[in-house]
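Have a look at the structure below before the remarks.
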Amino acid sequence: MLKAIVVLPFLLCSMASWGDSQATAVTGYANILQLGTPNHDVRYISGNTVYVEGLINGHWVGRYWSAGGRLNVPYELSDGDDAFALQVGQQDSSEGATWPSHQWLKAGWEWVSAQELPPSARGAHHFVVELKNQDVAVTLRVHTLVDGTPILVRWLELRNDGKTPLPLRAVFPWTARLWNTQAYQQELPPGSDHVFTVGTFDRISHGWEGWLKWKKLINADEHVESHVGHGYKAPFFIARNDAVGEYVIAHLAWSGNWDIDVHARQDGENASLFFKAGPWAPYVQRVIAPGESVATPSIHLGPVQGSLDDAVHAMDEHVREFVMPARDQQRAYLVQYAVPGDQGYIAKQMGDLQGMNEKNIYEQIDLASALGAELFIVDAGWWDPEGYGDWEPSPTRFPHGLAPIADYIHKKGMLFGLYNEVVGGRGDWSHSKFYKQHPDWFIPPYYLVDMTNSAAVEFVHQQIRHMIQDYKIDLFRLDYNPGYDYEMGQHVRDGIPENDYWRYYDNTYRLFEEVKKEFPKVILQQAAAGGGRNDLGFVSRFDEQYTTDGLDFPPVLQDLSGQLLGLPPEMFATAFGIPAHSPNRGYLDTHLRLTFTTGTPWLAPIAYKLGDIDPAIVKEYRRHVLLYKSFIRPLLPTCVVYHHAPLNAYQGVDESPWFALEFDSPDRSKGWATFAKLYASPDDTYVFKPRGLDAGKDYRVVFDSTQSARVISGFDLMRDGIPVRLETPWSSELILFEAAAK
């Protein structure tokens, strides 16, 4: 007998207009069923995703996938493949471990129970299957969220039921056969020899976070990893099945080291794609005390029928509605102006902080206000080097402290943001009062605060509370710059060496959750040496993310296009050409178009002071600020993104001289497209065919470069396209669309 756990779809209100409190978009059907079979099969339905798991011969396995909403018929349930992987034990028995070396807990699972828990804070249905292992005293709870989008969320909870500590060496919270495509050869186009293509971020270097490449797989593995600690790519992948016209898109919500393996197996009859993903450490990741329970990082994954755009839209909806923090819309997506003290106009040379002083900051506030900025950030360098870690303003450069500056910013009608590196990562902490009092609260040699230490975490919390309250800040900008921190460190727990990452990030995540609860109006913005923490672990706890420190033209646009494949644009703040690299801004109109149409605007200083700048340039900034506030921002939090170039379904980020992104309202009534020429090429014209308009509507089309406009039918726009001529590198165009009145 079928047992219905959730039978009603949940419908969430759409965002009505700019200024409303955070609402969520309408989502699809969500349903979880216990099928009442001897194998305790559970069917998860979310949007058009259908997934079945069950217990086969002591293994908890995935038995069926559908991206099209089709329920399985009884004989379609396969014997399946393991749905998770756990390994307990120390590295080898010579360490004196009581646990066997490298014991994988694949078999030996027994059914205990299944139940629906209360919905998540954002309304997703939450279901748990509980299993017990026959061989090791471990209880496993398999958690799944379904939210009506095609994306499912999965994590594991392990409880040590034994009397001795349990060393957890490896864990992959979700493993699966994503496709089993039979008779695939008749489905492929002539001349094609591969079924599967996988897209992953190809570089781990600082400044290249979104460098996505496509790779064809035939009986091969795509192993993607971050084993350098603070790496500069997110644990994300997207896979395509060319035989059936489907994608799978996935994130691992984790900020430490990780492994993702995608394996393609293709013979003459069948083609299958397998994956596993999870956190990584070279030795024990977590020592679980008797009676203790721990939760793994979550995996967000879903199959999608259709185009690359459809897969991106599914993940964007999921991240917006069920991952990103809810925003106070009056404090969201503001025009930001930030002043770093170690570079740009106020620094005599790179790294010199003397120009970061009261006089220059007040002049920059006046300039920002004149441009129409809504939020002013005092960026890096407001402290003295010998006070790094104490987070007090320089007494010589800011003799009156930061509170009067905050008052002046507020008087100008702007919010006040402040940069810090409160969890460490660079700088010499040895002179700080913090370090002198608690040298044991640091992880050598990186000068990282030991966030595995609860007393250190509380001390950091007090520092954050002090800055928010005493400096009157509205935006808290957290940076993290250790470079590669590799394995970070280890502590011996119950006689077993344990890698620090798991506890470090459990406590770091929890800290900022508590900060947000205590100061709900404060905007949390993070920049981990650029985009080093643009994973769902941090995205779910911070309102805004910094795209990258690789801000030179053209890689910054290639980087952005890659990161936008898995994350929505409004969460990104990008300084297109900071003053340290002023030639790389491109043309002025290019700099402005990119800043105000591809995410939350983030401006760096444009002059020494207001009186030094051409009034015509100020006018151009103000025009773009008005355009952003009146046209772009109302659409930005719900816009549907289409990737045209350089990244699309068949090209990686470095395979085209063009940058072309399209952003449209969900109802297809308005939108815009931003273009730039990345580098010189013989072809000076890009034919842009919009994909997010309504063929039955007429649109008023405005070309920003000439301010010319004409009305064109959506059908003609989508069929014939619009020629965009850009001859020179770093030139640009912006096109606006709005449905014309009948």
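FYI, nothing fancy with the structure tokens labels: chains A, B, ... in order, residues from 1 per chain, ligands from 1 as they appear.
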
Can you check which parts of stretch 496-615 of chain A lie within 12 Å of stretch 398-421 of chain A? Per residue, the shortest pair of atoms and distance in Å to one decimal, counting only C-alpha atoms, sorted by chain and number, as a tab-separated table.
```
residue	atom	partner	partner_atom	distance
A:Lys521	CA	A:Leu415	CA	11.2
A:Val522	CA	A:Gly417	CA	9.2
A:Ile523	CA	A:Gly417	CA	8.5
A:Leu524	CA	A:Gly417	CA	9.6
A:Gln525	CA	A:Tyr419	CA	9.2
A:Gln526	CA	A:Tyr419	CA	9.3
A:Ala527	CA	A:Tyr419	CA	9.6
A:Ala528	CA	A:Glu421	CA	9.4
A:Ala529	CA	A:Glu421	CA	10.4
```

Please produce an output containing C-alpha atoms for each residue in the selection, written as a PDB file, in the first residue's frame.
```
ATOM      1  CA  LYS A 521      19.375  44.268   9.261  1.00  0.00           C
ATOM      2  CA  VAL A 522      23.149  44.102   8.803  1.00  0.00           C
ATOM      3  CA  ILE A 523      24.152  43.074   5.272  1.00  0.00           C
ATOM      4  CA  LEU A 524      26.720  40.262   5.326  1.00  0.00           C
ATOM      5  CA  GLN A 525      29.103  40.444   2.383  1.00  0.00           C
ATOM      6  CA  GLN A 526      32.023  38.070   1.976  1.00  0.00           C
ATOM      7  CA  ALA A 527      35.137  38.237  -0.178  1.00  0.00           C
ATOM      8  CA  ALA A 528      37.549  35.363   0.321  1.00  0.00           C
ATOM      9  CA  ALA A 529      40.534  36.818  -1.565  1.00  0.00           C
TER      10      ALA A 529
END
```

As an mmCIF file with N, CA and C atoms, in the first residue's frame, please: the residues near A:Val460 (cut-off 12 Å, only C-alpha atoms, same-chain neighbours under 2 positions excluded).
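Contents of around_27.cif, freshly written:
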```cif
data_model
loop_
_atom_site.group_PDB
_atom_site.id
_atom_site.type_symbol
_atom_site.label_atom_id
_atom_site.label_comp_id
_atom_site.auth_asym_id
_atom_site.auth_seq_id
_atom_site.Cartn_x
_atom_site.Cartn_y
_atom_site.Cartn_z
ATOM 1 N N GLY A 389 44.202 42.458 13.861
ATOM 2 C CA GLY A 389 43.603 41.444 14.715
ATOM 3 C C GLY A 389 42.806 42.020 15.861
ATOM 4 N N ASP A 390 43.094 43.285 16.224
ATOM 5 C CA ASP A 390 42.323 43.920 17.296
ATOM 6 C C ASP A 390 41.134 44.707 16.754
ATOM 7 N N TRP A 391 41.207 45.086 15.452
ATOM 8 C CA TRP A 391 40.116 45.749 14.748
ATOM 9 C C TRP A 391 39.688 47.050 15.410
ATOM 10 N N ASN A 420 36.736 43.850 7.099
ATOM 11 C CA ASN A 420 37.557 43.278 8.156
ATOM 12 C C ASN A 420 38.037 41.905 7.728
ATOM 13 N N GLU A 421 38.985 41.365 8.493
ATOM 14 C CA GLU A 421 39.490 40.006 8.284
ATOM 15 C C GLU A 421 39.474 39.282 9.625
ATOM 16 N N VAL A 422 38.317 39.277 10.259
ATOM 17 C CA VAL A 422 38.218 38.922 11.663
ATOM 18 C C VAL A 422 38.575 37.463 11.953
ATOM 19 N N VAL A 423 38.507 36.583 10.958
ATOM 20 C CA VAL A 423 38.897 35.188 11.196
ATOM 21 C C VAL A 423 40.316 34.908 10.727
ATOM 22 N N GLY A 424 41.018 35.946 10.283
ATOM 23 C CA GLY A 424 42.428 35.790 9.956
ATOM 24 C C GLY A 424 42.662 35.480 8.498
ATOM 25 N N PHE A 434 44.969 40.449 21.011
ATOM 26 C CA PHE A 434 44.315 39.159 20.838
ATOM 27 C C PHE A 434 45.363 38.039 20.848
ATOM 28 N N TRP A 441 45.187 30.125 20.303
ATOM 29 C CA TRP A 441 43.937 30.179 19.564
ATOM 30 C C TRP A 441 44.157 30.379 18.067
ATOM 31 N N PHE A 442 45.326 30.049 17.575
ATOM 32 C CA PHE A 442 45.639 30.243 16.168
ATOM 33 C C PHE A 442 46.160 28.952 15.558
ATOM 34 N N LEU A 448 45.551 31.847 11.130
ATOM 35 C CA LEU A 448 44.112 31.647 11.099
ATOM 36 C C LEU A 448 43.609 31.472 12.524
ATOM 37 N N VAL A 449 42.524 32.155 12.861
ATOM 38 C CA VAL A 449 41.911 31.912 14.156
ATOM 39 C C VAL A 449 41.405 30.474 14.173
ATOM 40 N N ASP A 450 41.681 29.768 15.251
ATOM 41 C CA ASP A 450 41.291 28.371 15.372
ATOM 42 C C ASP A 450 39.798 28.288 15.677
ATOM 43 N N MET A 451 39.018 28.197 14.622
ATOM 44 C CA MET A 451 37.568 28.169 14.785
ATOM 45 C C MET A 451 37.064 26.808 15.251
ATOM 46 N N ASN A 453 37.996 25.915 18.148
ATOM 47 C CA ASN A 453 38.049 26.214 19.577
ATOM 48 C C ASN A 453 36.849 27.099 19.937
ATOM 49 N N SER A 454 35.959 26.604 20.766
ATOM 50 C CA SER A 454 34.728 27.346 21.062
ATOM 51 C C SER A 454 35.015 28.680 21.745
ATOM 52 N N ALA A 455 36.068 28.752 22.565
ATOM 53 C CA ALA A 455 36.408 30.015 23.219
ATOM 54 C C ALA A 455 36.887 31.034 22.193
ATOM 55 N N ALA A 456 37.669 30.592 21.210
ATOM 56 C CA ALA A 456 38.129 31.498 20.153
ATOM 57 C C ALA A 456 36.951 31.983 19.318
ATOM 58 N N VAL A 457 36.014 31.097 19.030
ATOM 59 C CA VAL A 457 34.832 31.485 18.260
ATOM 60 C C VAL A 457 34.044 32.553 19.007
ATOM 61 N N GLU A 458 33.869 32.381 20.299
ATOM 62 C CA GLU A 458 33.135 33.374 21.081
ATOM 63 C C GLU A 458 33.870 34.701 21.104
ATOM 64 N N GLN A 462 32.455 38.320 19.778
ATOM 65 C CA GLN A 462 32.487 39.581 20.518
ATOM 66 C C GLN A 462 33.108 40.691 19.684
ATOM 67 N N GLN A 463 34.152 40.371 18.920
ATOM 68 C CA GLN A 463 34.762 41.381 18.057
ATOM 69 C C GLN A 463 33.776 41.861 16.998
ATOM 70 N N ILE A 464 33.045 40.930 16.395
ATOM 71 C CA ILE A 464 32.056 41.305 15.386
ATOM 72 C C ILE A 464 30.965 42.171 16.014
ATOM 73 N N ARG A 465 30.497 41.762 17.171
ATOM 74 C CA ARG A 465 29.460 42.527 17.875
ATOM 75 C C ARG A 465 29.958 43.949 18.175
ATOM 76 N N HIS A 466 31.202 44.054 18.617
ATOM 77 C CA HIS A 466 31.797 45.366 18.899
ATOM 78 C C HIS A 466 31.810 46.238 17.654
ATOM 79 N N MET A 467 32.269 45.699 16.522
ATOM 80 C CA MET A 467 32.344 46.505 15.302
ATOM 81 C C MET A 467 30.960 46.954 14.849
ATOM 82 N N ASN A 507 31.689 25.454 12.908
ATOM 83 C CA ASN A 507 31.649 26.585 13.839
ATOM 84 C C ASN A 507 31.594 27.916 13.113
ATOM 85 N N THR A 508 32.298 28.028 11.978
ATOM 86 C CA THR A 508 32.260 29.280 11.214
ATOM 87 C C THR A 508 30.870 29.531 10.665
ATOM 88 N N LEU A 511 28.620 30.528 13.528
ATOM 89 C CA LEU A 511 28.891 31.881 14.006
ATOM 90 C C LEU A 511 28.118 32.912 13.198
ATOM 91 N N PHE A 512 28.192 32.822 11.874
ATOM 92 C CA PHE A 512 27.545 33.852 11.069
ATOM 93 C C PHE A 512 26.036 33.679 11.002
ATOM 94 N N VAL A 515 25.259 35.652 14.082
ATOM 95 C CA VAL A 515 25.407 37.090 13.828
ATOM 96 C C VAL A 515 24.179 37.618 13.085
#
```

query = Skipping near chain neighbours, those fewer than 2 positions away, what residues fall within 12 Å of stretch 705-714 of chain A using only C-alpha atoms, listed as a PyMOL selection string?
reply = chain A and resi 588-590+592-593+668-670+674-675+689-703+716-722+724-726+731-742

A:Leu627 surroundings by only C-alpha atoms, 12 Å radius, close-in-sequence under 5 positions cut, as a ChimeraX atom specification = /A:335,372,592-593,595-597,601,620-622,632-635,672,704,734,736

ask   = Skipping near chain neighbours, those fewer than 6 positions away, what residues fall within 10 Å of A:Ile346 using only C-alpha atoms, listed as a list in words?
value =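 Near neighbours after the sequence-gap exclusion: Val339, Pro340, Asp352, Leu353, Gln354, Gly355, Met356, Asn357, Asn360, Ile361, Gln364, Pro579, Pro605, Ala607, Tyr608 and Lys609 of chain A.
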
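One finds atom CA of A:Arg63 at 20.7 Å from atom CA of A:Val171.
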